[in-house]
>>> print(open('input-v4.cif').read())   # mmCIF, C-alpha atoms
data_coords
loop_
_atom_site.label_atom_id
_atom_site.label_comp_id
_atom_site.auth_asym_id
_atom_site.auth_seq_id
_atom_site.Cartn_x
_atom_site.Cartn_y
_atom_site.Cartn_z
CA PRO A 128 65.47 83.55 2.72
CA ASN A 129 62.26 82.36 4.30
CA ASN A 130 62.37 78.92 2.69
CA LYS A 131 65.06 77.48 4.99
CA ARG A 132 64.13 74.23 6.67
CA LYS A 133 65.32 74.17 10.24
CA ARG A 134 64.39 70.57 11.06
CA VAL A 135 65.51 67.42 9.28
CA GLY A 136 62.00 66.00 9.37
CA LYS A 137 60.69 68.89 7.25
CA ILE A 138 63.20 68.42 4.40
CA LYS A 139 61.71 66.55 1.44
CA GLY A 140 63.73 64.08 -0.59
CA LYS A 141 66.56 63.76 1.90
CA GLU A 142 67.06 60.06 1.08
CA LYS A 143 67.91 60.80 -2.56
CA ALA A 144 70.23 63.78 -1.94
CA HIS A 145 73.65 63.69 -3.56
CA PRO A 146 76.46 64.05 -0.94
CA TYR A 147 77.73 67.36 -2.38
CA SER A 148 74.40 68.91 -3.29
CA ARG A 149 72.65 71.92 -1.82
CA LYS A 150 70.11 69.55 -0.31
CA ALA A 151 72.93 67.72 1.57
CA ARG A 152 74.19 71.04 2.95
CA GLN A 153 70.63 71.91 3.99
CA ILE A 154 70.32 68.56 5.79
CA SER A 155 73.69 69.10 7.46
CA ARG A 156 72.65 72.58 8.68
CA ALA A 157 69.38 71.22 10.03
CA MET A 158 71.14 68.37 11.84
CA ASN A 159 73.67 70.75 13.38
CA LYS A 160 70.85 73.05 14.50
CA GLU A 161 68.97 70.15 16.10
CA SER A 162 72.05 68.90 17.94
CA GLN A 163 72.79 72.44 19.18
CA ILE A 164 69.25 72.79 20.46
CA ALA A 165 69.50 69.42 22.22
CA ARG A 166 72.81 70.40 23.87
CA THR A 167 71.48 73.70 25.18
CA LYS A 168 68.36 71.97 26.47
CA GLU A 169 70.49 69.40 28.34
CA GLU A 170 72.62 72.16 29.87
CA ARG A 171 69.53 74.08 30.94
CA VAL A 172 68.07 70.94 32.54
CA LYS A 173 71.35 70.24 34.39
CA VAL A 174 71.43 73.76 35.83
CA ALA A 175 67.75 73.56 36.77
CA MET A 176 68.32 70.20 38.46
CA ALA A 177 71.23 71.57 40.48
CA HIS A 178 69.16 74.58 41.60
CA GLY A 179 66.21 72.29 42.26
CA GLN A 180 68.25 70.01 44.50
CA LYS A 181 69.38 72.99 46.56
CA GLN A 182 65.80 74.28 46.90
CA VAL A 183 64.61 70.78 47.88
CA TRP A 184 67.26 70.62 50.63
CA PHE A 185 66.16 73.99 52.03
CA ARG A 186 62.47 73.04 51.75
CA ASP A 187 63.06 69.78 53.61
CA ARG A 188 65.16 71.56 56.24
CA ILE A 189 62.55 74.23 57.02
CA ASN A 190 59.82 71.57 57.12
CA GLU A 191 61.52 69.70 59.97
CA GLU A 192 59.53 69.59 63.20
CA ASP A 193 61.71 72.03 65.15
CA LEU A 194 61.40 74.72 62.44
CA LEU A 195 57.76 74.31 61.34
CA GLU A 196 56.43 77.19 63.44
CA GLN A 197 59.04 79.68 62.28
CA LYS A 198 57.54 82.11 59.75
CA SER A 199 60.76 83.79 58.57
CA TRP A 200 64.47 83.82 59.30
CA THR A 201 66.94 86.59 60.07
CA ILE A 202 70.11 86.89 58.00
CA GLU A 203 72.11 85.32 60.85
CA GLN A 204 69.75 82.35 61.06
CA LEU A 205 69.85 82.00 57.27
CA ALA A 206 73.66 82.03 57.42
CA LYS A 207 73.52 79.14 59.90
CA LEU A 208 71.26 77.26 57.49
CA VAL A 209 73.85 77.92 54.75
CA ASP A 210 76.50 76.45 57.07
CA ASP A 211 74.34 73.33 57.50
CA TYR A 212 73.86 73.13 53.73
CA LEU A 213 77.60 73.36 53.06
CA GLN A 214 78.33 70.70 55.69
CA ARG A 215 75.67 68.25 54.48
CA ASN A 216 78.25 66.05 52.70
CA ASP A 217 80.97 66.08 55.37
CA GLU A 218 80.09 62.61 56.70
CA GLU A 219 80.26 61.08 53.22
CA ILE A 220 83.64 62.74 52.59
CA GLU A 221 84.94 61.35 55.90
CA GLU A 222 83.75 57.87 54.88
CA ILE A 223 85.51 58.20 51.52
CA GLU A 224 88.72 59.34 53.22
CA ALA A 225 88.50 56.52 55.80
CA GLY A 226 88.01 53.86 53.13
CA ARG A 227 90.77 55.20 50.95
CA VAL A 228 93.85 53.01 50.52
CA LYS A 229 97.06 54.99 50.95
CA GLY A 230 98.89 55.55 47.67
CA ARG A 231 95.89 54.63 45.55
CA ALA A 232 93.90 57.15 43.56
CA LEU A 233 90.28 57.79 44.40
CA ALA A 234 87.52 56.40 42.23
CA PRO A 235 86.48 59.00 39.63
CA LYS A 236 83.00 59.27 41.15
CA ASP A 237 84.40 59.96 44.62
CA SER A 238 87.00 62.37 43.27
CA LEU A 239 84.36 64.34 41.37
CA PHE A 240 82.09 64.38 44.43
CA MET A 241 84.87 65.80 46.60
CA GLN A 242 85.84 68.40 43.97
CA VAL A 243 82.24 69.59 43.59
CA THR A 244 81.82 69.87 47.35
CA GLU A 245 85.12 71.74 47.75
CA THR A 246 84.28 74.11 44.88
CA GLU A 247 80.86 74.80 46.39
CA LYS A 248 82.43 75.71 49.74
CA LYS A 249 85.02 78.00 48.14
CA GLU A 250 82.39 79.81 46.08
CA ALA A 251 80.23 80.25 49.17
CA LYS A 252 83.12 81.77 51.13
CA LEU A 253 84.18 84.10 48.33
CA GLY A 254 80.92 85.42 46.94
CA GLY A 255 78.17 83.74 48.89
CA ILE A 256 75.64 81.19 47.72
CA GLU A 257 72.20 81.70 46.24
CA VAL A 258 69.56 80.41 48.63
CA PRO A 259 65.79 80.82 48.89
CA ASP A 260 64.80 84.12 50.48
CA LEU A 261 63.70 82.86 53.88
CA THR A 262 63.70 86.38 55.32
CA SER A 263 60.31 86.88 53.65
CA ALA A 264 57.33 85.10 55.23
CA PHE A 265 55.66 84.85 51.82
CA MET A 266 58.70 83.09 50.31
CA VAL A 267 58.85 80.68 53.27
CA LYS A 268 55.19 79.81 52.67
CA THR A 269 55.85 79.42 48.92
CA LEU A 270 58.86 77.17 49.51
CA ARG A 271 56.98 75.00 52.01
CA SER A 272 54.12 74.48 49.55
CA TRP A 273 56.45 73.91 46.55
CA ASP A 274 55.99 70.44 45.09
CA GLY A 275 59.61 70.00 43.95
CA ASP A 276 58.87 70.51 40.26
CA VAL A 277 62.01 71.69 38.43
CA ASN A 278 59.95 73.85 36.07
CA SER A 279 58.54 75.91 38.94
CA VAL A 280 61.92 76.62 40.57
CA SER A 281 61.80 80.11 39.10
CA THR A 282 58.87 81.02 41.37
CA ILE A 283 61.20 80.86 44.38
CA LYS A 284 63.06 84.12 44.94
CA LEU A 285 66.77 83.66 45.66
CA ILE A 286 69.13 85.86 47.63
CA ASN A 287 72.89 85.72 47.98
CA CYS A 288 73.94 84.68 51.48
CA LYS A 289 77.38 83.97 52.93
CA PRO A 290 78.14 81.40 55.63
CA SER A 291 77.97 82.63 59.24
CA ASP A 292 81.74 83.01 59.60
CA GLN A 293 81.74 85.36 56.58
CA GLN A 294 78.87 87.58 57.81
CA PRO A 295 79.81 91.10 58.88
CA LYS A 296 79.77 91.41 62.66
CA ARG A 297 77.09 93.71 64.00
CA ARG A 298 78.21 96.01 66.77
CA ASP A 299 76.26 95.94 69.96
CA MET A 300 73.83 98.88 69.85
CA ALA A 301 73.86 99.44 73.64
CA ALA A 302 77.66 99.54 73.77
CA GLU A 303 77.68 101.96 70.83
CA LYS A 304 75.20 104.29 72.58
CA SER A 305 77.16 104.26 75.83
CA ALA A 306 80.38 105.04 73.94
CA LYS A 307 78.70 107.99 72.21
CA SER A 308 77.30 109.33 75.49
CA ALA A 309 80.74 109.03 77.11
CA GLU A 310 82.30 110.92 74.19
CA GLN A 311 79.63 113.65 74.51
CA ALA A 312 80.24 113.96 78.26
CA ILE A 313 84.01 114.31 77.72
CA ALA A 314 83.40 116.86 74.99
CA GLN A 315 81.16 118.95 77.27
CA VAL A 316 83.60 118.90 80.21
CA THR A 317 86.81 119.52 78.30
CA GLY A 318 85.47 121.44 75.33
CA MET A 319 87.35 119.09 73.00
CA VAL A 320 85.86 116.60 70.56
CA VAL A 321 86.96 113.01 70.99
CA GLY A 322 87.29 111.29 67.73
#
>>> encode(input="input-v4.cif", output="structure tokens")
Amino acid sequence: PNNKRKRVGKIKGKEKAHPYSRKARQISRAMNKESQIARTKEERVKVAMAHGQKQVWFRDRINEEDLLEQKSWTIEQLAKLVDDYLQRNDEEIEEIEAGRVKGRALAPKDSLFMQVTETEKKEAKLGGIEVPDLTSAFMVKTLRSWDGDVNSVSTIKLINCKPSDQQPKRRDMAAEKSAKSAEQAIAQVTGMVVG
């Protein structure tokens, strides 16, 4: 019915409720609902923070002095930026490995850090990684002017991009044209189609 109270604060007489009464069940439902809402909000904030950190890295990278005049990137250039992004923690991992005592387990923080980095690299190689769409001049301008607010992350359009070693190789257009003209010349002389 419409008389359900969804928040504990709205329930009247909750202090006097008998443990097995309908009022106690109502309080229990409301408490469960509030804890569920809090959990989903925390998960949403964690995901937004992770996306926000990635966008901040790309924003800081494109705002470096050597890249300030560039208005947009090609897919190949974006793939190189993805490579840089995936290799951003390599020095820290090397430091962890160098400081590691043989036969001793890593600290949980270091172990988690290495697992997250490794997982990120595997996902990028398999399916690509979502990055800001730097192929669009408008998105580059938007990302440069972005203030880093997690709530406005959704204004930045993302595209899926693979690292440069996973990009399909583009054939040289001039070599392709010369091969076609050679095939046409052979076909005209011999009367046979090369294929």
>>> residues_around(input="input-v4.cif", residues="Asp217 of chain A", least_positions_apart="6", cutoff="10 Å", atoms="all atoms listed in the file", output="list in words")
Ile223, Met241 and Thr244 of chain A
>>> resolve_selection(input="input-v4.cif", expression="the PyMOL selection byres ((chain A and resi 201) around 12)", output="number ranges by chain")
A: 197-200, 202-208, 260-264, 288, 291
>>> resolve_selection(input="input-v4.cif", expression="the PyMOL selection byres ((chain A and resi 270-287) around 6)", output="VMD selection string")
chain A and resid 179 186 255 to 260 266 to 269 288
>>> resolve_selection(input="input-v4.cif", expression="the PyMOL selection byres ((chain A and resi 237) around 12)", output="PyMOL selection string")
chain A and resi 216+219-224+226-227+232-236+238-244
>>> atom_distance(input="input-v4.cif", atom1="atom CA of Gly136 of chain A", atom2="atom CA of Ile154 of chain A")
9.4 Å
>>> atom_distance(input="input-v4.cif", atom1="atom CA of Lys249 of chain A", atom2="atom CA of Glu191 of chain A")
27.6 Å
>>> closest_residue(input="input-v4.cif", among="A:Ala312, A:Arg171, A:Gly254, A:Ile138", to="Ala157 of chain A", atoms="all atoms listed in the file")
A:Ile138
>>> atom_distance(input="input-v4.cif", atom1="atom CA of Arg134 of chain A", atom2="atom CA of Met158 of chain A")
7.1 Å
>>> closest_residue(input="input-v4.cif", among="A:Lys139, A:Lys248, A:Lys133, A:Lys173", to="Ser155 of chain A", atoms="only C-alpha atoms")
A:Lys133
>>> closest_residue(input="input-v4.cif", among="A:Arg215, A:Met176, A:Ala165, A:Ser148", to="Arg188 of chain A", atoms="only C-alpha atoms")
A:Arg215
>>> axis_aligned_box(input="input-v4.cif", around="segment 226-235 of chain A", padding_each_side="5 Å", output="JSON")
{"center_x": 92.7, "center_y": 56.0, "center_z": 46.4, "size_x": 22.4, "size_y": 16.0, "size_z": 23.5}
>>> decode(input="input-v4.cif", residues="segment 196-208 of chain A", atoms="all heavy atoms", output="PDB file, in the first residue's frame")
ATOM      1  N   GLU A 196      49.404  22.985 -28.080  1.00  0.00           N
ATOM      2  CA  GLU A 196      48.936  23.541 -29.338  1.00  0.00           C
ATOM      3  C   GLU A 196      48.190  22.530 -30.197  1.00  0.00           C
ATOM      4  O   GLU A 196      47.604  22.888 -31.208  1.00  0.00           O
ATOM      5  CB  GLU A 196      50.125  24.127 -30.100  1.00  0.00           C
ATOM      6  CG  GLU A 196      50.625  25.382 -29.422  1.00  0.00           C
ATOM      7  CD  GLU A 196      52.037  25.736 -29.826  1.00  0.00           C
ATOM      8  OE1 GLU A 196      52.486  25.258 -30.871  1.00  0.00           O
ATOM      9  OE2 GLU A 196      52.663  26.495 -29.082  1.00  0.00           O
ATOM     10  N   GLN A 197      48.195  21.281 -29.795  1.00  0.00           N
ATOM     11  CA  GLN A 197      47.522  20.256 -30.582  1.00  0.00           C
ATOM     12  C   GLN A 197      46.018  20.326 -30.322  1.00  0.00           C
ATOM     13  O   GLN A 197      45.562  20.291 -29.183  1.00  0.00           O
ATOM     14  CB  GLN A 197      48.063  18.871 -30.225  1.00  0.00           C
ATOM     15  CG  GLN A 197      47.700  17.821 -31.218  1.00  0.00           C
ATOM     16  CD  GLN A 197      48.576  16.588 -31.074  1.00  0.00           C
ATOM     17  OE1 GLN A 197      49.565  16.598 -30.355  1.00  0.00           O
ATOM     18  NE2 GLN A 197      48.212  15.546 -31.768  1.00  0.00           N
ATOM     19  N   LYS A 198      45.227  20.407 -31.397  1.00  0.00           N
ATOM     20  CA  LYS A 198      43.778  20.573 -31.266  1.00  0.00           C
ATOM     21  C   LYS A 198      43.042  19.238 -31.177  1.00  0.00           C
ATOM     22  O   LYS A 198      41.998  19.149 -30.539  1.00  0.00           O
ATOM     23  CB  LYS A 198      43.222  21.377 -32.447  1.00  0.00           C
ATOM     24  CG  LYS A 198      43.842  22.738 -32.579  1.00  0.00           C
ATOM     25  CD  LYS A 198      43.430  23.652 -31.469  1.00  0.00           C
ATOM     26  CE  LYS A 198      44.029  25.025 -31.662  1.00  0.00           C
ATOM     27  NZ  LYS A 198      44.329  25.699 -30.443  1.00  0.00           N
ATOM     28  N   SER A 199      43.566  18.219 -31.859  1.00  0.00           N
ATOM     29  CA  SER A 199      42.961  16.881 -31.788  1.00  0.00           C
ATOM     30  C   SER A 199      44.035  15.849 -32.113  1.00  0.00           C
ATOM     31  O   SER A 199      45.098  16.187 -32.619  1.00  0.00           O
ATOM     32  CB  SER A 199      41.779  16.762 -32.755  1.00  0.00           C
ATOM     33  OG  SER A 199      42.225  16.847 -34.085  1.00  0.00           O
ATOM     34  N   TRP A 200      43.726  14.605 -31.819  1.00  0.00           N
ATOM     35  CA  TRP A 200      44.674  13.517 -31.994  1.00  0.00           C
ATOM     36  C   TRP A 200      44.129  12.523 -33.005  1.00  0.00           C
ATOM     37  O   TRP A 200      42.909  12.337 -33.122  1.00  0.00           O
ATOM     38  CB  TRP A 200      44.887  12.783 -30.662  1.00  0.00           C
ATOM     39  CG  TRP A 200      45.884  13.416 -29.761  1.00  0.00           C
ATOM     40  CD1 TRP A 200      47.139  12.967 -29.503  1.00  0.00           C
ATOM     41  CD2 TRP A 200      45.739  14.603 -28.975  1.00  0.00           C
ATOM     42  NE1 TRP A 200      47.775  13.796 -28.612  1.00  0.00           N
ATOM     43  CE2 TRP A 200      46.939  14.808 -28.275  1.00  0.00           C
ATOM     44  CE3 TRP A 200      44.712  15.521 -28.804  1.00  0.00           C
ATOM     45  CZ2 TRP A 200      47.137  15.880 -27.419  1.00  0.00           C
ATOM     46  CZ3 TRP A 200      44.899  16.591 -27.957  1.00  0.00           C
ATOM     47  CH2 TRP A 200      46.104  16.764 -27.276  1.00  0.00           C
ATOM     48  N   THR A 201      45.026  11.835 -33.703  1.00  0.00           N
ATOM     49  CA  THR A 201      44.613  10.728 -34.562  1.00  0.00           C
ATOM     50  C   THR A 201      44.493   9.488 -33.678  1.00  0.00           C
ATOM     51  O   THR A 201      44.924   9.492 -32.524  1.00  0.00           O
ATOM     52  CB  THR A 201      45.644  10.461 -35.671  1.00  0.00           C
ATOM     53  OG1 THR A 201      46.875  10.064 -35.063  1.00  0.00           O
ATOM     54  CG2 THR A 201      45.850  11.680 -36.551  1.00  0.00           C
ATOM     55  N   ILE A 202      43.937   8.425 -34.229  1.00  0.00           N
ATOM     56  CA  ILE A 202      43.796   7.185 -33.460  1.00  0.00           C
ATOM     57  C   ILE A 202      45.170   6.652 -33.058  1.00  0.00           C
ATOM     58  O   ILE A 202      45.345   6.164 -31.940  1.00  0.00           O
ATOM     59  CB  ILE A 202      43.007   6.134 -34.279  1.00  0.00           C
ATOM     60  CG1 ILE A 202      41.556   6.593 -34.493  1.00  0.00           C
ATOM     61  CG2 ILE A 202      43.035   4.780 -33.603  1.00  0.00           C
ATOM     62  CD1 ILE A 202      40.724   6.658 -33.233  1.00  0.00           C
ATOM     63  N   GLU A 203      46.156   6.769 -33.949  1.00  0.00           N
ATOM     64  CA  GLU A 203      47.493   6.278 -33.638  1.00  0.00           C
ATOM     65  C   GLU A 203      48.118   7.069 -32.488  1.00  0.00           C
ATOM     66  O   GLU A 203      48.745   6.504 -31.592  1.00  0.00           O
ATOM     67  CB  GLU A 203      48.411   6.343 -34.877  1.00  0.00           C
ATOM     68  CG  GLU A 203      48.053   5.355 -35.973  1.00  0.00           C
ATOM     69  CD  GLU A 203      46.891   5.827 -36.852  1.00  0.00           C
ATOM     70  OE1 GLU A 203      46.549   7.043 -36.821  1.00  0.00           O
ATOM     71  OE2 GLU A 203      46.318   4.979 -37.545  1.00  0.00           O
ATOM     72  N   GLN A 204      47.947   8.389 -32.517  1.00  0.00           N
ATOM     73  CA  GLN A 204      48.473   9.219 -31.440  1.00  0.00           C
ATOM     74  C   GLN A 204      47.753   8.923 -30.127  1.00  0.00           C
ATOM     75  O   GLN A 204      48.371   8.893 -29.066  1.00  0.00           O
ATOM     76  CB  GLN A 204      48.319  10.702 -31.789  1.00  0.00           C
ATOM     77  CG  GLN A 204      49.201  11.150 -32.937  1.00  0.00           C
ATOM     78  CD  GLN A 204      48.847  12.540 -33.400  1.00  0.00           C
ATOM     79  OE1 GLN A 204      47.685  12.949 -33.368  1.00  0.00           O
ATOM     80  NE2 GLN A 204      49.857  13.277 -33.846  1.00  0.00           N
ATOM     81  N   LEU A 205      46.447   8.697 -30.219  1.00  0.00           N
ATOM     82  CA  LEU A 205      45.662   8.355 -29.026  1.00  0.00           C
ATOM     83  C   LEU A 205      46.108   7.011 -28.468  1.00  0.00           C
ATOM     84  O   LEU A 205      46.186   6.827 -27.253  1.00  0.00           O
ATOM     85  CB  LEU A 205      44.170   8.335 -29.377  1.00  0.00           C
ATOM     86  CG  LEU A 205      43.197   8.221 -28.220  1.00  0.00           C
ATOM     87  CD1 LEU A 205      43.407   9.335 -27.211  1.00  0.00           C
ATOM     88  CD2 LEU A 205      41.768   8.248 -28.730  1.00  0.00           C
ATOM     89  N   ALA A 206      46.447   6.076 -29.354  1.00  0.00           N
ATOM     90  CA  ALA A 206      46.937   4.768 -28.903  1.00  0.00           C
ATOM     91  C   ALA A 206      48.265   4.914 -28.167  1.00  0.00           C
ATOM     92  O   ALA A 206      48.513   4.229 -27.179  1.00  0.00           O
ATOM     93  CB  ALA A 206      47.085   3.827 -30.095  1.00  0.00           C
ATOM     94  N   LYS A 207      49.107   5.849 -28.622  1.00  0.00           N
ATOM     95  CA  LYS A 207      50.373   6.093 -27.912  1.00  0.00           C
ATOM     96  C   LYS A 207      50.114   6.703 -26.541  1.00  0.00           C
ATOM     97  O   LYS A 207      50.821   6.399 -25.573  1.00  0.00           O
ATOM     98  CB  LYS A 207      51.275   6.974 -28.754  1.00  0.00           C
ATOM     99  CG  LYS A 207      51.847   6.216 -29.933  1.00  0.00           C
ATOM    100  CD  LYS A 207      52.865   7.026 -30.678  1.00  0.00           C
ATOM    101  CE  LYS A 207      53.517   6.137 -31.679  1.00  0.00           C
ATOM    102  NZ  LYS A 207      53.514   6.334 -32.984  1.00  0.00           N
ATOM    103  N   LEU A 208      49.107   7.571 -26.450  1.00  0.00           N
ATOM    104  CA  LEU A 208      48.729   8.122 -25.144  1.00  0.00           C
ATOM    105  C   LEU A 208      48.223   7.013 -24.219  1.00  0.00           C
ATOM    106  O   LEU A 208      48.507   7.019 -23.020  1.00  0.00           O
ATOM    107  CB  LEU A 208      47.637   9.187 -25.297  1.00  0.00           C
ATOM    108  CG  LEU A 208      48.080  10.606 -25.577  1.00  0.00           C
ATOM    109  CD1 LEU A 208      46.873  11.524 -25.737  1.00  0.00           C
ATOM    110  CD2 LEU A 208      48.989  11.140 -24.514  1.00  0.00           C
TER     111      LEU A 208
END
